[in-house]
$ cat target07.cif   # mmCIF, C-alpha atoms
data_structure
#
loop_
_atom_site.label_atom_id
_atom_site.label_comp_id
_atom_site.auth_asym_id
_atom_site.auth_seq_id
_atom_site.Cartn_x
_atom_site.Cartn_y
_atom_site.Cartn_z
CA MET A 38 -122.45 -125.98 17.80
CA ASN A 39 -124.70 -123.06 18.68
CA LEU A 40 -123.99 -121.36 21.97
CA VAL A 41 -125.15 -118.30 23.81
CA MET A 42 -122.63 -116.13 25.66
CA PHE A 43 -124.65 -114.80 28.56
CA GLY A 44 -123.87 -112.34 31.34
CA PRO A 45 -124.16 -108.73 32.39
CA PRO A 46 -122.67 -105.87 30.37
CA GLY A 47 -118.89 -105.88 30.74
CA ALA A 48 -118.66 -109.58 31.68
CA GLY A 49 -116.40 -110.32 28.70
CA LYS A 50 -118.90 -111.97 26.35
CA GLY A 51 -117.55 -110.28 23.23
CA THR A 52 -113.91 -110.81 24.15
CA GLN A 53 -114.42 -114.51 24.80
CA ALA A 54 -116.66 -114.95 21.76
CA LYS A 55 -113.87 -113.59 19.55
CA ARG A 56 -111.49 -116.17 21.04
CA LEU A 57 -113.96 -118.96 20.32
CA VAL A 58 -114.26 -117.76 16.71
CA ALA A 59 -110.47 -117.91 16.37
CA ASP A 60 -110.30 -121.37 17.98
CA TYR A 61 -113.30 -123.08 16.35
CA GLY A 62 -114.33 -121.00 13.34
CA TRP A 63 -117.90 -120.47 14.52
CA LEU A 64 -119.69 -117.26 13.53
CA GLN A 65 -119.99 -114.59 16.22
CA LEU A 66 -123.39 -112.92 16.10
CA SER A 67 -123.17 -109.82 18.25
CA THR A 68 -126.30 -107.74 17.93
CA GLY A 69 -124.50 -104.87 19.67
CA ASP A 70 -121.70 -104.92 17.09
CA MET A 71 -124.21 -105.18 14.24
CA LEU A 72 -126.20 -102.24 15.57
CA ARG A 73 -123.08 -100.12 16.21
CA ALA A 74 -121.94 -100.85 12.63
CA SER A 75 -125.32 -99.62 11.35
CA ILE A 76 -124.93 -96.43 13.40
CA ALA A 77 -121.37 -95.87 12.11
CA ALA A 78 -122.52 -96.42 8.53
CA GLY A 79 -125.35 -93.93 8.98
CA THR A 80 -127.98 -96.39 7.78
CA GLU A 81 -131.68 -95.89 8.38
CA LEU A 82 -131.54 -98.59 11.07
CA GLY A 83 -128.52 -96.89 12.63
CA ARG A 84 -130.30 -93.56 12.87
CA LYS A 85 -133.35 -95.30 14.33
CA VAL A 86 -131.45 -97.09 17.14
CA LYS A 87 -128.68 -94.58 18.00
CA GLY A 88 -130.59 -92.69 20.69
CA ILE A 89 -131.96 -95.90 22.18
CA MET A 90 -128.48 -97.40 22.54
CA ASP A 91 -126.85 -94.18 23.75
CA ARG A 92 -129.33 -94.16 26.67
CA GLY A 93 -128.50 -97.80 27.43
CA ASP A 94 -131.98 -99.03 26.56
CA LEU A 95 -132.71 -102.25 24.66
CA VAL A 96 -133.53 -102.18 20.96
CA SER A 97 -136.89 -103.77 20.10
CA ASP A 98 -137.19 -107.53 19.71
CA ASP A 99 -138.35 -107.38 16.10
CA ILE A 100 -135.23 -105.45 15.03
CA VAL A 101 -132.69 -107.72 16.73
CA ILE A 102 -134.49 -110.92 15.70
CA ALA A 103 -134.47 -109.75 12.08
CA LEU A 104 -130.72 -109.01 12.34
CA ILE A 105 -130.05 -112.51 13.67
CA GLU A 106 -132.31 -114.25 11.16
CA GLU A 107 -130.51 -112.52 8.30
CA ARG A 108 -127.15 -113.98 9.45
CA LEU A 109 -128.20 -117.58 10.23
CA PRO A 110 -127.21 -118.94 6.79
CA GLU A 111 -123.63 -117.81 7.54
CA ALA A 112 -123.77 -119.68 10.87
CA ASP A 113 -124.82 -122.84 9.04
CA ILE A 114 -121.76 -122.57 6.77
CA ALA A 115 -119.44 -121.91 9.75
CA GLY A 116 -120.72 -124.97 11.63
CA GLY A 117 -122.36 -122.95 14.36
CA ALA A 118 -122.88 -119.58 15.97
CA ILE A 119 -121.91 -117.79 19.12
CA PHE A 120 -124.81 -115.57 20.12
CA ASP A 121 -123.21 -112.63 21.93
CA GLY A 122 -125.63 -110.22 23.60
CA PHE A 123 -128.62 -112.08 22.20
CA PRO A 124 -131.10 -113.17 23.33
CA ARG A 125 -131.74 -110.52 25.97
CA THR A 126 -135.33 -111.38 26.83
CA VAL A 127 -137.36 -114.56 27.18
CA ALA A 128 -139.37 -113.50 24.10
CA GLN A 129 -136.13 -113.26 22.10
CA ALA A 130 -135.00 -116.67 23.41
CA GLU A 131 -138.28 -118.23 22.36
CA ALA A 132 -138.03 -116.58 18.92
CA LEU A 133 -134.44 -117.83 18.56
CA ASP A 134 -135.48 -121.37 19.52
CA GLU A 135 -138.21 -121.24 16.85
CA LEU A 136 -135.84 -119.85 14.20
CA LEU A 137 -133.24 -122.51 14.88
CA GLN A 138 -135.81 -125.30 15.08
CA SER A 139 -137.15 -124.29 11.66
CA ARG A 140 -133.58 -124.78 10.38
CA GLY A 141 -133.20 -128.19 12.08
CA THR A 142 -130.85 -126.99 14.79
CA GLN A 143 -130.92 -125.62 18.34
CA ILE A 144 -128.96 -123.87 21.07
CA ASP A 145 -126.54 -126.48 22.40
CA THR A 146 -125.24 -124.65 25.45
CA VAL A 147 -125.49 -121.35 27.28
CA LEU A 148 -122.36 -120.06 29.01
CA ARG A 149 -123.08 -117.52 31.73
CA LEU A 150 -120.05 -115.43 32.64
CA VAL A 151 -120.28 -114.58 36.34
CA VAL A 152 -118.46 -111.36 37.28
CA ASP A 153 -118.48 -109.21 40.43
CA GLN A 154 -120.42 -105.94 39.97
CA ASP A 155 -117.47 -103.74 41.03
CA GLU A 156 -115.34 -105.47 38.39
CA LEU A 157 -118.03 -104.79 35.78
CA VAL A 158 -117.83 -101.05 36.50
CA THR A 159 -114.02 -101.13 36.26
CA ARG A 160 -114.18 -102.96 32.94
CA MET A 161 -116.79 -100.56 31.56
CA GLU A 162 -114.67 -97.54 32.50
CA LYS A 163 -111.60 -99.09 30.85
CA ARG A 164 -113.53 -99.98 27.70
CA ALA A 165 -115.04 -96.49 27.50
CA ALA A 166 -111.57 -94.95 27.70
CA GLU A 167 -110.08 -97.36 25.13
CA GLU A 168 -112.94 -97.63 22.63
CA GLY A 169 -114.87 -94.39 23.20
CA ARG A 170 -118.23 -96.15 22.90
CA ALA A 171 -121.15 -93.79 23.49
CA ASP A 172 -123.05 -96.55 25.32
CA ASP A 173 -120.25 -96.98 27.91
CA THR A 174 -120.89 -93.88 29.99
CA VAL A 175 -121.48 -94.51 33.68
CA GLU A 176 -125.10 -93.41 33.29
CA ALA A 177 -125.76 -95.62 30.27
CA PHE A 178 -123.96 -98.55 31.94
CA LYS A 179 -126.21 -98.26 35.00
CA VAL A 180 -129.29 -98.34 32.73
CA ARG A 181 -127.87 -101.34 30.83
CA LEU A 182 -127.19 -103.17 34.10
CA GLU A 183 -130.71 -102.39 35.38
CA ASN A 184 -132.15 -103.61 32.05
CA TYR A 185 -130.03 -106.77 32.29
CA ASN A 186 -131.27 -107.50 35.81
CA ALA A 187 -134.92 -106.80 34.94
CA GLN A 188 -135.20 -108.23 31.42
CA THR A 189 -132.26 -110.54 30.76
CA ALA A 190 -131.67 -112.29 34.09
CA PRO A 191 -135.05 -114.10 33.69
CA LEU A 192 -133.32 -116.10 30.95
CA ILE A 193 -131.43 -117.96 33.70
CA PRO A 194 -134.40 -120.15 34.70
CA TYR A 195 -135.45 -120.41 31.03
CA TYR A 196 -132.15 -122.03 30.03
CA GLU A 197 -131.78 -123.92 33.33
CA GLY A 198 -135.15 -125.51 32.57
CA GLN A 199 -133.74 -126.70 29.25
CA GLY A 200 -130.62 -128.09 30.99
CA LYS A 201 -128.36 -125.87 28.86
CA LEU A 202 -126.95 -123.33 31.35
CA SER A 203 -123.33 -123.54 32.53
CA ASP A 204 -121.87 -120.94 34.86
CA VAL A 205 -118.29 -119.87 34.15
CA ASP A 206 -116.24 -117.73 36.53
CA GLY A 207 -115.57 -114.60 34.48
CA MET A 208 -113.12 -113.08 36.96
CA GLY A 209 -109.39 -113.03 36.27
CA GLU A 210 -107.21 -112.79 33.21
CA MET A 211 -108.64 -113.40 29.74
CA ASP A 212 -106.63 -116.62 29.31
CA GLU A 213 -107.91 -117.99 32.63
CA VAL A 214 -111.51 -117.30 31.64
CA ALA A 215 -110.89 -118.82 28.18
CA ALA A 216 -109.56 -122.00 29.83
CA ARG A 217 -112.69 -122.21 32.01
CA ILE A 218 -114.89 -121.78 28.94
CA ALA A 219 -113.01 -124.53 27.08
CA ALA A 220 -113.50 -126.82 30.09
CA ALA A 221 -117.23 -125.99 30.19
CA LEU A 222 -117.47 -126.87 26.49
CA GLY A 223 -115.59 -130.12 27.09
CA GLN A 224 -112.72 -129.02 24.83
#
$ encode --input "target07.cif" --output "structure tokens"
Amino acid sequence: MNLVMFGPPGAGKGTQAKRLVADYGWLQLSTGDMLRASIAAGTELGRKVKGIMDRGDLVSDDIVIALIEERLPEADIAGGAIFDGFPRTVAQAEALDELLQSRGTQIDTVLRLVVDQDELVTRMEKRAAEEGRADDTVEAFKVRLENYNAQTAPLIPYYEGQGKLSDVDGMGEMDEVAARIAAALGQ
């Protein structure tokens, strides 16, 4: 099973993806986590993307596609992948479709977590306080939300056109959202 966790920043994609990993053993591919790990490790890639991410801007397609492609063999072994924070643009979605097709697989479903904008801000503030992420400042969050609305929201009709998009109410407690996701997956 290959699925995309889709939704605005702070919707709970990473939290719910981690639960799915625990429940089903699939590989979570979070480009944000991979990029933050590169920054923390001080790699050349990390130095290259740090300023971009701190501003809340999107890292270039070629970088994130290469990160994903490198990890696909692990997804094959795990029986599937949860794409968390990727794809973020139609070009990335098309590249992902091509990568998966070349491996004889595809995206099976796209779960869009729907969360009220005020709740997103509250979650971002809580996460910034708990995790101290440089990309969770109010200013960077606003840029990320604007980028999501301009560049990522166009994925909605892309995946609707493929018949793969399922909306999931992302409001409420983590267990409630997890139960809705399980229902959407038919589990």
$ atom_distance --input "target07.cif" --atom1 "CA of Thr80 in chain A" --atom2 "CA of Phe43 in chain A"
28.0 Å
$ residues_around --input "target07.cif" --residues "Leu137 in chain A" --least-positions-apart "3" --cutoff "12 Å" --atoms "all atoms listed in the file" --output "ChimeraX atom specification"
/A:38-40,102,105-106,108-110,112-113,117-118,130-134,140-145
$ atom_distance --input "target07.cif" --atom1 "CA of Ile76 in chain A" --atom2 "CA of Val158 in chain A"
24.6 Å
$ closest_residue --input "target07.cif" --among "A:Thr159, A:Thr68, A:Asn186, A:Gln138" --to "Pro45 in chain A" --atoms "all atoms listed in the file"
A:Asn186
$ atom_distance --input "target07.cif" --atom1 "CA of Lys87 in chain A" --atom2 "CA of Arg73 in chain A"
8.1 Å
$ closest_residue --input "target07.cif" --among "A:Val214, A:Leu192, A:Met90, A:Val205" --to "Glu176 in chain A" --atoms "all atoms listed in the file"
A:Met90
$ closest_residue --input "target07.cif" --among "A:Glu111, A:Asp94, A:Glu210, A:Asp60" --to "Tyr185 in chain A" --atoms "only C-alpha atoms"
A:Asp94
$ axis_aligned_box --input "target07.cif" --around "range 126-140 of chain A" --padding-each-side "3 Å" --output "JSON"
{"center_x": -136.3, "center_y": -118.3, "center_z": 18.8, "size_x": 12.1, "size_y": 19.9, "size_z": 22.8}
$ closest_residue --input "target07.cif" --among "A:Leu202, A:Thr189, A:Ile119, A:Asp99" --to "Tyr61 in chain A" --atoms "all atoms listed in the file"
A:Ile119
$ closest_residue --input "target07.cif" --among "A:Gly209, A:Gly88, A:Gly69, A:Gly169" --to "Arg125 in chain A" --atoms "all atoms listed in the file"
A:Gly69
$ closest_residue --input "target07.cif" --among "A:Gln188, A:Leu72, A:Ala221, A:Trp63" --to "Ile89 in chain A" --atoms "only C-alpha atoms"
A:Leu72
$ resolve_selection --input "target07.cif" --expression "the PyMOL selection byres ((chain A and resi 46-51) around 10)" --output "ChimeraX atom specification"
/A:41-45,52-57,65-67,69-70,119-122,148-154,156-164,173,178-179,181-182,184-185,206-208,211,214
$ residues_around --input "target07.cif" --residues "Glu197 in chain A" --least-positions-apart "6" --cutoff "12 Å" --atoms "all atoms listed in the file" --output "JSON, numbers by chain"
{"A": [146, 147, 148, 149, 190, 191, 203, 204]}
$ write_last_selection --input "target07.cif" --atoms "C-alpha atoms" --output "short mmCIF file (atom, residue, chain, number, x, y, z; two decimals), in the coordinates of the input"
data_model
loop_
_atom_site.label_atom_id
_atom_site.label_comp_id
_atom_site.auth_asym_id
_atom_site.auth_seq_id
_atom_site.Cartn_x
_atom_site.Cartn_y
_atom_site.Cartn_z
CA THR A 146 -125.24 -124.65 25.45
CA VAL A 147 -125.49 -121.35 27.28
CA LEU A 148 -122.36 -120.06 29.01
CA ARG A 149 -123.08 -117.52 31.73
CA ALA A 190 -131.67 -112.29 34.09
CA PRO A 191 -135.05 -114.10 33.69
CA SER A 203 -123.33 -123.54 32.53
CA ASP A 204 -121.87 -120.94 34.86
#
